[in-house]
$ cat start14.pdb   # PDB, C-alpha atoms
ATOM      1  CA  LEU A  18       1.617  29.814   3.938
ATOM      2  CA  ILE A  19       3.757  27.528   1.777
ATOM      3  CA  LYS A  20       4.390  29.273  -1.560
ATOM      4  CA  ASP A  21       7.398  27.526  -3.117
ATOM      5  CA  LYS A  22      10.148  24.943  -2.635
ATOM      6  CA  LEU A  23      12.131  27.409  -0.525
ATOM      7  CA  ASP A  24       9.305  27.428   2.022
ATOM      8  CA  ILE A  25       9.313  23.610   2.099
ATOM      9  CA  ASP A  26      13.080  23.615   2.603
ATOM     10  CA  GLU A  27      12.761  26.162   5.413
ATOM     11  CA  LEU A  28      10.103  24.061   7.142
ATOM     12  CA  LYS A  29      12.371  21.039   6.876
ATOM     13  CA  ARG A  30      15.328  23.031   8.194
ATOM     14  CA  MET A  31      13.364  24.152  11.261
ATOM     15  CA  VAL A  32      12.199  20.591  11.949
ATOM     16  CA  ASP A  33      15.787  19.370  11.627
ATOM     17  CA  LYS A  34      16.729  21.912  14.318
ATOM     18  CA  GLY A  35      14.294  20.204  16.715
ATOM     19  CA  ASN A  36      11.069  22.183  16.302
ATOM     20  CA  THR A  37       8.226  19.629  16.148
ATOM     21  CA  PHE A  38       5.639  22.340  15.326
ATOM     22  CA  LYS A  39       3.049  20.550  17.451
ATOM     23  CA  GLY A  40      -0.100  22.658  17.385
ATOM     24  CA  PHE A  41       1.044  24.654  14.325
ATOM     25  CA  PHE A  42      -0.695  24.622  10.940
ATOM     26  CA  PHE A  43       0.864  24.932   7.485
ATOM     27  CA  LYS A  44      -1.064  25.352   4.244
ATOM     28  CA  VAL A  45      -0.046  25.586   0.599
ATOM     29  CA  ASP A  46      -1.069  28.936  -0.874
ATOM     30  CA  GLU A  47      -3.931  29.226  -3.360
ATOM     31  CA  GLY A  48      -3.149  28.700  -7.038
ATOM     32  CA  ILE A  49      -0.111  26.448  -6.535
ATOM     33  CA  SER A  50      -0.595  23.072  -8.178
ATOM     34  CA  GLN A  51       2.843  21.461  -8.085
ATOM     35  CA  PHE A  52       6.144  21.249  -6.182
ATOM     36  CA  ASP A  53       9.092  19.510  -7.848
ATOM     37  CA  LEU A  54      11.250  18.529  -4.859
ATOM     38  CA  GLY A  55      13.751  16.209  -6.576
ATOM     39  CA  ASN A  56      15.974  14.000  -4.392
ATOM     40  CA  PHE A  57      14.233  15.216  -1.276
ATOM     41  CA  VAL A  58      15.217  14.605   2.337
ATOM     42  CA  PRO A  59      11.899  13.992   4.140
ATOM     43  CA  ILE A  60      10.252  16.399   6.567
ATOM     44  CA  GLY A  61      10.757  14.803   9.988
ATOM     45  CA  SER A  62      12.939  11.909  11.143
ATOM     46  CA  SER A  63      12.902   9.429  14.012
ATOM     47  CA  THR A  64      15.037  11.815  16.085
ATOM     48  CA  LYS A  65      13.517  15.087  14.815
ATOM     49  CA  PRO A  66       9.805  14.359  14.120
ATOM     50  CA  PHE A  67       7.157  16.618  12.578
ATOM     51  CA  PHE A  68       4.082  16.906  14.813
ATOM     52  CA  GLY A  69       2.344  19.813  13.077
ATOM     53  CA  SER A  70      -0.518  19.902  10.559
ATOM     54  CA  PHE A  71      -0.068  20.302   6.809
ATOM     55  CA  ASP A  72      -2.791  21.139   4.277
ATOM     56  CA  GLY A  73      -1.480  20.607   0.741
ATOM     57  CA  ASN A  74      -4.435  22.478  -0.781
ATOM     58  CA  HIS A  75      -4.613  19.780  -3.508
ATOM     59  CA  ALA A  76      -1.052  20.325  -4.745
ATOM     60  CA  GLU A  77       1.118  17.577  -6.246
ATOM     61  CA  PHE A  78       4.527  16.892  -4.689
ATOM     62  CA  ILE A  79       7.019  15.308  -7.096
ATOM     63  CA  LEU A  80       9.717  13.277  -5.333
ATOM     64  CA  ASN A  81      12.816  11.523  -6.601
ATOM     65  CA  ILE A  82      14.126   9.984  -3.393
ATOM     66  CA  ASN A  83      16.881   7.395  -3.766
ATOM     67  CA  SER A  84      18.151   6.558  -0.285
ATOM     68  CA  THR A  85      19.618   3.581   1.570
ATOM     69  CA  THR A  86      18.209   4.767   4.916
ATOM     70  CA  SER A  87      14.846   4.411   6.655
ATOM     71  CA  TYR A  88      11.942   6.823   7.220
ATOM     72  CA  GLN A  89      11.450   7.907   3.613
ATOM     73  CA  GLY A  90       8.544   9.784   2.004
ATOM     74  CA  LEU A  91       7.325  13.353   1.823
ATOM     75  CA  PHE A  92       7.211  13.126   5.631
ATOM     76  CA  GLY A  93       9.657  10.729   7.271
ATOM     77  CA  TYR A  94       8.241  10.683  10.810
ATOM     78  CA  PHE A  95       4.888  12.298  11.649
ATOM     79  CA  GLY A  96       2.412  12.396  14.522
ATOM     80  CA  HIS A  97      -0.271  14.314  16.451
ATOM     81  CA  GLY A  98      -1.373  16.665  13.660
ATOM     82  CA  GLU A  99      -3.172  16.205  10.341
ATOM     83  CA  ILE A 100      -1.851  15.826   6.785
ATOM     84  CA  LYS A 101      -4.485  16.348   4.097
ATOM     85  CA  ASN A 102      -5.325  17.412   0.558
ATOM     86  CA  LEU A 103      -2.204  16.449  -1.399
ATOM     87  CA  SER A 104      -0.733  13.922  -3.791
ATOM     88  CA  VAL A 105       2.741  12.493  -4.316
ATOM     89  CA  SER A 106       4.279  11.342  -7.616
ATOM     90  CA  GLY A 107       7.721  10.346  -8.891
ATOM     91  CA  SER A 108       9.672   7.676  -6.999
ATOM     92  CA  VAL A 109      10.711   6.889  -3.427
ATOM     93  CA  THR A 110      13.390   4.335  -2.533
ATOM     94  CA  GLY A 111      14.549   3.623   1.009
ATOM     95  CA  LEU A 112      15.165   0.895   3.584
ATOM     96  CA  ASP A 113      12.401   0.519   6.224
ATOM     97  CA  TYR A 114       9.359   2.744   6.848
ATOM     98  CA  VAL A 115       9.005   3.882   3.245
ATOM     99  CA  SER A 116       5.978   5.394   1.494
ATOM    100  CA  GLY A 117       4.898   8.238  -0.721
ATOM    101  CA  VAL A 118       3.365  10.369   2.029
ATOM    102  CA  VAL A 119       4.479   9.269   5.538
ATOM    103  CA  GLY A 120       7.173   6.697   6.311
ATOM    104  CA  TYR A 121       6.314   6.306  10.012
ATOM    105  CA  LYS A 122       3.081   7.644  11.494
ATOM    106  CA  LEU A 123       3.088   7.825  15.275
ATOM    107  CA  SER A 124      -0.458   9.198  15.592
ATOM    108  CA  GLY A 125      -2.693  11.882  14.089
ATOM    109  CA  THR A 126      -4.740  11.878  10.888
ATOM    110  CA  ILE A 127      -4.067  11.514   7.180
ATOM    111  CA  SER A 128      -7.004  12.277   4.890
ATOM    112  CA  ASN A 129      -7.765  13.022   1.261
ATOM    113  CA  VAL A 130      -4.302  12.163  -0.045
ATOM    114  CA  TYR A 131      -3.122   9.826  -2.775
ATOM    115  CA  ASN A 132       0.110   8.365  -4.098
ATOM    116  CA  GLU A 133       1.230   7.819  -7.682
ATOM    117  CA  ALA A 134       4.949   7.455  -6.935
ATOM    118  CA  VAL A 135       6.781   4.170  -7.475
ATOM    119  CA  ILE A 136       7.840   2.896  -4.029
ATOM    120  CA  ASN A 137      10.782   0.580  -3.219
ATOM    121  CA  GLY A 138      11.838  -0.545   0.248
ATOM    122  CA  ARG A 139      12.430  -3.466   2.585
ATOM    123  CA  ASN A 140      10.105  -3.629   5.628
ATOM    124  CA  TYR A 141       7.058  -1.477   6.457
ATOM    125  CA  VAL A 142       6.374  -0.223   2.951
ATOM    126  CA  GLY A 143       3.137   1.373   1.740
ATOM    127  CA  GLY A 144       1.730   3.838  -0.739
ATOM    128  CA  ILE A 145       0.432   6.228   1.929
ATOM    129  CA  VAL A 146       2.010   5.070   5.226
ATOM    130  CA  GLY A 147       4.811   2.589   5.904
ATOM    131  CA  ARG A 148       3.847   1.893   9.534
ATOM    132  CA  ASN A 149       0.782   3.304  11.291
ATOM    133  CA  GLU A 150       1.373   3.204  15.031
ATOM    134  CA  ALA A 151      -1.948   4.909  15.858
ATOM    135  CA  GLY A 152      -4.504   7.354  14.484
ATOM    136  CA  VAL A 153      -6.578   7.622  11.326
ATOM    137  CA  VAL A 154      -5.921   7.073   7.622
ATOM    138  CA  ASP A 155      -9.038   7.990   5.625
ATOM    139  CA  GLN A 156      -9.986   8.733   2.016
ATOM    140  CA  THR A 157      -6.758   7.682   0.304
ATOM    141  CA  TYR A 158      -5.729   5.747  -2.768
ATOM    142  CA  ASN A 159      -2.589   4.392  -4.418
ATOM    143  CA  ASN A 160      -1.710   4.165  -8.125
ATOM    144  CA  GLY A 161       2.054   3.616  -7.720
ATOM    145  CA  ASP A 162       3.692   0.181  -8.004
ATOM    146  CA  ILE A 163       5.280  -0.978  -4.740
ATOM    147  CA  THR A 164       8.171  -3.432  -4.451
ATOM    148  CA  SER A 165       9.607  -4.733  -1.173
ATOM    149  CA  THR A 166      12.468  -7.100  -0.407
ATOM    150  CA  GLY A 167      10.992  -7.815   3.032
ATOM    151  CA  SER A 168       7.776  -7.826   5.055
ATOM    152  CA  TYR A 169       4.694  -5.726   5.824
ATOM    153  CA  VAL A 170       3.799  -4.265   2.461
ATOM    154  CA  GLY A 171       0.480  -2.720   1.429
ATOM    155  CA  GLY A 172      -0.948  -0.539  -1.281
ATOM    156  CA  LEU A 173      -2.059   1.986   1.333
ATOM    157  CA  VAL A 174      -0.450   0.954   4.646
ATOM    158  CA  GLY A 175       2.316  -1.583   5.246
ATOM    159  CA  PHE A 176       1.654  -2.244   8.951
ATOM    160  CA  LEU A 177      -1.346  -1.136  11.039
ATOM    161  CA  TYR A 178      -0.434  -1.513  14.696
ATOM    162  CA  GLN A 179      -3.346   0.498  16.042
ATOM    163  CA  GLY A 180      -5.888   2.852  14.519
ATOM    164  CA  SER A 181      -8.243   3.138  11.573
ATOM    165  CA  LEU A 182      -7.854   2.591   7.826
ATOM    166  CA  SER A 183     -10.978   3.307   5.781
ATOM    167  CA  ASN A 184     -12.404   4.553   2.489
ATOM    168  CA  GLY A 185      -9.527   3.803   0.152
ATOM    169  CA  TYR A 186      -8.317   1.672  -2.731
ATOM    170  CA  ASN A 187      -5.265   0.445  -4.602
ATOM    171  CA  ARG A 188      -4.908  -0.043  -8.357
ATOM    172  CA  ALA A 189      -1.180  -0.780  -8.586
ATOM    173  CA  GLU A 190       1.086  -3.841  -8.338
ATOM    174  CA  ILE A 191       2.215  -4.776  -4.813
ATOM    175  CA  ILE A 192       5.162  -7.189  -4.455
ATOM    176  CA  GLY A 193       6.945  -8.401  -1.316
ATOM    177  CA  ILE A 194       8.195 -11.451   0.590
ATOM    178  CA  ASP A 195       5.839 -11.754   3.586
ATOM    179  CA  SER A 196       2.625 -10.096   4.813
ATOM    180  CA  VAL A 197       1.705  -8.393   1.560
ATOM    181  CA  GLY A 198      -1.755  -7.031   0.801
ATOM    182  CA  GLY A 199      -3.359  -5.018  -1.942
ATOM    183  CA  VAL A 200      -4.398  -2.416   0.627
ATOM    184  CA  LEU A 201      -2.850  -3.433   3.970
ATOM    185  CA  GLY A 202       0.128  -5.684   4.651
ATOM    186  CA  PHE A 203      -0.453  -6.597   8.312
ATOM    187  CA  THR A 204      -2.865  -5.628  11.068
ATOM    188  CA  TYR A 205      -3.707  -6.788  14.554
ATOM    189  CA  ARG A 206      -7.396  -7.304  15.206
ATOM    190  CA  TYR A 207      -7.104  -5.562  18.556
ATOM    191  CA  ILE A 208      -4.568  -4.284  21.086
ATOM    192  CA  ARG A 209      -4.739  -5.046  24.809
ATOM    193  CA  ILE A 210      -3.507  -1.955  26.634
ATOM    194  CA  ALA A 211      -4.414  -3.129  30.161
ATOM    195  CA  TYR A 212      -5.730  -6.269  31.885
ATOM    196  CA  SER A 213      -9.296  -5.891  30.595
ATOM    197  CA  THR A 214      -8.958  -2.910  28.251
ATOM    198  CA  TYR A 215      -8.908  -3.567  24.525
ATOM    199  CA  VAL A 216      -8.630  -1.208  21.571
ATOM    200  CA  TYR A 217     -10.001  -2.600  18.317
ATOM    201  CA  ASN A 218      -8.601  -1.552  14.970
ATOM    202  CA  ASN A 219     -10.991  -0.423  12.243
ATOM    203  CA  VAL A 220     -10.360  -1.553   8.665
ATOM    204  CA  SER A 221     -13.314  -0.805   6.403
ATOM    205  CA  ASN A 222     -14.572   0.175   2.960
ATOM    206  CA  LEU A 223     -11.416  -0.732   1.036
ATOM    207  CA  TYR A 224     -10.655  -2.509  -2.219
ATOM    208  CA  SER A 225      -7.758  -3.387  -4.490
ATOM    209  CA  SER A 226      -7.666  -4.259  -8.173
ATOM    210  CA  GLY A 227      -3.903  -4.589  -8.609
ATOM    211  CA  LEU A 228      -1.722  -7.693  -8.732
ATOM    212  CA  VAL A 229      -0.422  -8.780  -5.313
ATOM    213  CA  SER A 230       2.517 -11.178  -4.957
ATOM    214  CA  SER A 231       4.243 -12.638  -1.885
ATOM    215  CA  ASN A 232       5.935 -15.842  -0.735
ATOM    216  CA  THR A 233       3.819 -16.063   2.444
ATOM    217  CA  ASN A 234       0.816 -14.314   4.015
ATOM    218  CA  VAL A 235      -0.648 -12.663   0.941
ATOM    219  CA  GLY A 236      -4.115 -11.248   0.361
ATOM    220  CA  GLY A 237      -5.974  -9.235  -2.216
ATOM    221  CA  VAL A 238      -6.892  -6.655   0.438
ATOM    222  CA  ILE A 239      -5.078  -7.666   3.670
ATOM    223  CA  GLY A 240      -1.914  -9.761   3.678
ATOM    224  CA  GLN A 241      -2.129 -10.926   7.295
ATOM    225  CA  ASP A 242      -4.973 -10.139   9.686
ATOM    226  CA  SER A 243      -3.756 -11.386  13.062
ATOM    227  CA  LEU A 244      -6.600 -12.745  15.185
ATOM    228  CA  GLN A 245      -4.318 -12.690  18.202
ATOM    229  CA  ASN A 246      -4.140  -9.569  20.273
ATOM    230  CA  TYR A 247      -0.870  -7.842  20.954
ATOM    231  CA  THR A 248      -0.218  -6.904  24.569
ATOM    232  CA  ALA A 249       1.048  -3.354  24.739
ATOM    233  CA  SER A 250       1.599  -3.345  28.494
ATOM    234  CA  GLY A 251       4.299  -5.187  30.376
ATOM    235  CA  ASN A 252       2.200  -5.377  33.538
ATOM    236  CA  VAL A 253      -0.884  -7.436  32.693
TER     237      VAL A 253
END
$ encode --input "start14.pdb" --output "structure tokens"
Amino acid sequence: LIKDKLDIDELKRMVDKGNTFKGFFFKVDEGISQFDLGNFVPIGSSTKPFFGSFDGNHAEFILNINSTTSYQGLFGYFGHGEIKNLSVSGSVTGLDYVSGVVGYKLSGTISNVYNEAVINGRNYVGGIVGRNEAGVVDQTYNNGDITSTGSYVGGLVGFLYQGSLSNGYNRAEIIGIDSVGGVLGFTYRYIRIAYSTYVYNNVSNLYSSGLVSSNTNVGGVIGQDSLQNYTASGNV
């Protein structure tokens, strides 16, 4: 059980040592409503990812991240498990793969989470996930203004390579340079993983009521919905 900031720091320390915690489950203890984490170094990085599951038990995580590096958020690099039942507030600033909850999501599920933190980054910037490589993002919303100096920016997800984004909304201001959407910055319609095998992405039941601004490829809900498939295999 996660009972205080020391437990969060210990989890982060163990992940930094190379323990992915795949198959392990962490849950915030009953009666804890808030964690003030300050200028937090995210749980998981591109070289030391977090693959476990984390149940926030409806607690709020206050961040004040001001970084010049990538993979920023409560979780920097996450996959395989499930992150659910939490909110993030405060501010998060980074380079690429920046969000309130997960900077880079390799796979797994994110559900029943929301962001109220102000987010600043360059490419792959979102309220909930910066880049979603695969897996599910469900029942989420964003109330934090998002500003990007680059591409792939969305109120919920900046870039959806493969997977599902459903049942969510954005009510904040989303600003970027290219591929900027109120909910989703960029998505492929489908992915070809073999000669005649296609995986279709699911984007459904979403809305945005916030201002969205971009130089190119801008949309109230989706900034750029590519009708072309992306070939994921080199031998087609």
$ resolve_selection --input "start14.pdb" --expression "the PyMOL selection byres ((chain A and resi 114-122) around 7)" --output "PyMOL selection string"
chain A and resi 87-96+105+109+111-113+123-124+132+134+136+138+140-150
$ write_last_selection --input "start14.pdb" --atoms "C-alpha atoms" --output "tab-separated table (two decimals), keeping the file's coordinate frame"
chain	number	residue	atom	x	y	z
A	87	SER	CA	14.85	4.41	6.66
A	88	TYR	CA	11.94	6.82	7.22
A	89	GLN	CA	11.45	7.91	3.61
A	90	GLY	CA	8.54	9.78	2.00
A	91	LEU	CA	7.32	13.35	1.82
A	92	PHE	CA	7.21	13.13	5.63
A	93	GLY	CA	9.66	10.73	7.27
A	94	TYR	CA	8.24	10.68	10.81
A	95	PHE	CA	4.89	12.30	11.65
A	96	GLY	CA	2.41	12.40	14.52
A	105	VAL	CA	2.74	12.49	-4.32
A	109	VAL	CA	10.71	6.89	-3.43
A	111	GLY	CA	14.55	3.62	1.01
A	112	LEU	CA	15.16	0.90	3.58
A	113	ASP	CA	12.40	0.52	6.22
A	123	LEU	CA	3.09	7.82	15.28
A	124	SER	CA	-0.46	9.20	15.59
A	132	ASN	CA	0.11	8.36	-4.10
A	134	ALA	CA	4.95	7.46	-6.94
A	136	ILE	CA	7.84	2.90	-4.03
A	138	GLY	CA	11.84	-0.55	0.25
A	140	ASN	CA	10.10	-3.63	5.63
A	141	TYR	CA	7.06	-1.48	6.46
A	142	VAL	CA	6.37	-0.22	2.95
A	143	GLY	CA	3.14	1.37	1.74
A	144	GLY	CA	1.73	3.84	-0.74
A	145	ILE	CA	0.43	6.23	1.93
A	146	VAL	CA	2.01	5.07	5.23
A	147	GLY	CA	4.81	2.59	5.90
A	148	ARG	CA	3.85	1.89	9.53
A	149	ASN	CA	0.78	3.30	11.29
A	150	GLU	CA	1.37	3.20	15.03
$ atom_distance --input "start14.pdb" --atom1 "atom CA of A:Phe41" --atom2 "atom CA of A:Leu23"
18.7 Å
$ residues_around --input "start14.pdb" --residues "A:Ile239" --least-positions-apart "3" --cutoff "6 Å" --atoms "all atoms listed in the file" --output "list in words"
Gly198, Leu201, Gly202 and Gly236 of chain A
$ residues_around --input "start14.pdb" --residues "A:Gly107" --least-positions-apart "6" --cutoff "9 Å" --atoms "only C-alpha atoms" --output "short mmCIF file (atom, residue, chain, number, x, y, z; two decimals) with C-alpha atoms, in the frame of the given file"
data_model
loop_
_atom_site.label_atom_id
_atom_site.label_comp_id
_atom_site.auth_asym_id
_atom_site.auth_seq_id
_atom_site.Cartn_x
_atom_site.Cartn_y
_atom_site.Cartn_z
CA GLY A 55 13.75 16.21 -6.58
CA PHE A 78 4.53 16.89 -4.69
CA ILE A 79 7.02 15.31 -7.10
CA LEU A 80 9.72 13.28 -5.33
CA ASN A 81 12.82 11.52 -6.60
CA ILE A 82 14.13 9.98 -3.39
CA GLY A 117 4.90 8.24 -0.72
CA GLU A 133 1.23 7.82 -7.68
CA ALA A 134 4.95 7.46 -6.94
CA VAL A 135 6.78 4.17 -7.48
CA ILE A 136 7.84 2.90 -4.03
CA GLY A 161 2.05 3.62 -7.72
#
$ atom_distance --input "start14.pdb" --atom1 "atom CA of A:Ile49" --atom2 "atom CA of A:Thr126"
23.2 Å
$ closest_residue --input "start14.pdb" --among "A:Gly125, A:Gly171, A:Gly185, A:Gly69" --to "A:Val229" --atoms "all atoms listed in the file"
A:Gly171
$ residues_around --input "start14.pdb" --residues "A:Lys39" --least-positions-apart "4" --cutoff "8 Å" --atoms "all atoms listed in the file" --output "ChimeraX atom specification"
/A:67-70,97-98
$ write_last_selection --input "start14.pdb" --atoms "C-alpha atoms" --output "CSV table (one decimal), in the coordinates of the input"
chain,number,residue,atom,x,y,z
A,67,PHE,CA,7.2,16.6,12.6
A,68,PHE,CA,4.1,16.9,14.8
A,69,GLY,CA,2.3,19.8,13.1
A,70,SER,CA,-0.5,19.9,10.6
A,97,HIS,CA,-0.3,14.3,16.5
A,98,GLY,CA,-1.4,16.7,13.7
$ residues_around --input "start14.pdb" --residues "A:Asn160" --least-positions-apart "2" --cutoff "10 Å" --atoms "only C-alpha atoms" --output "ChimeraX atom specification"
/A:106,131-135,144,158,162-163,172-173,186-190,227
$ closest_residue --input "start14.pdb" --among "A:Ser243, A:Asn159, A:Thr64, A:Thr204" --to "A:Leu182" --atoms "all atoms listed in the file"
A:Thr204
$ resolve_selection --input "start14.pdb" --expression "the PyMOL selection byres ((chain A and resi 169) around 6)" --output "list in words"
Asn140, Tyr141, Ser168, Val170, Gly175, Phe176, Ser196, Val197, Gly202 and Phe203 of chain A
$ residues_near_point --input "start14.pdb" --point "(7.7, 23.5, -3.5)" --cutoff "10 Å" --atoms "only C-alpha atoms" --output "list in words"
Ile19, Lys20, Asp21, Lys22, Leu23, Asp24, Ile25, Asp26, Val45, Ile49, Ser50, Gln51, Phe52, Asp53, Leu54, Gly55, Ala76, Glu77, Phe78 and Ile79 of chain A
$ closest_residue --input "start14.pdb" --among "A:Val58, A:Tyr217, A:Tyr212, A:Glu99" --to "A:Phe38" --atoms "all atoms listed in the file"
A:Glu99
$ axis_aligned_box --input "start14.pdb" --around "stretch 66-84 of chain A" --padding-each-side "5 Å" --output "JSON"
{"center_x": 6.8, "center_y": 14.5, "center_z": 3.9, "size_x": 32.8, "size_y": 25.9, "size_z": 31.9}
$ resolve_selection --input "start14.pdb" --expression "the PyMOL selection byres ((chain A and resi 127-130) around 7)" --output "PyMOL selection string"
chain A and resi 99-104+126+131+153-157
$ atom_distance --input "start14.pdb" --atom1 "atom CA of A:Ile194" --atom2 "atom CA of A:Arg139"
9.3 Å
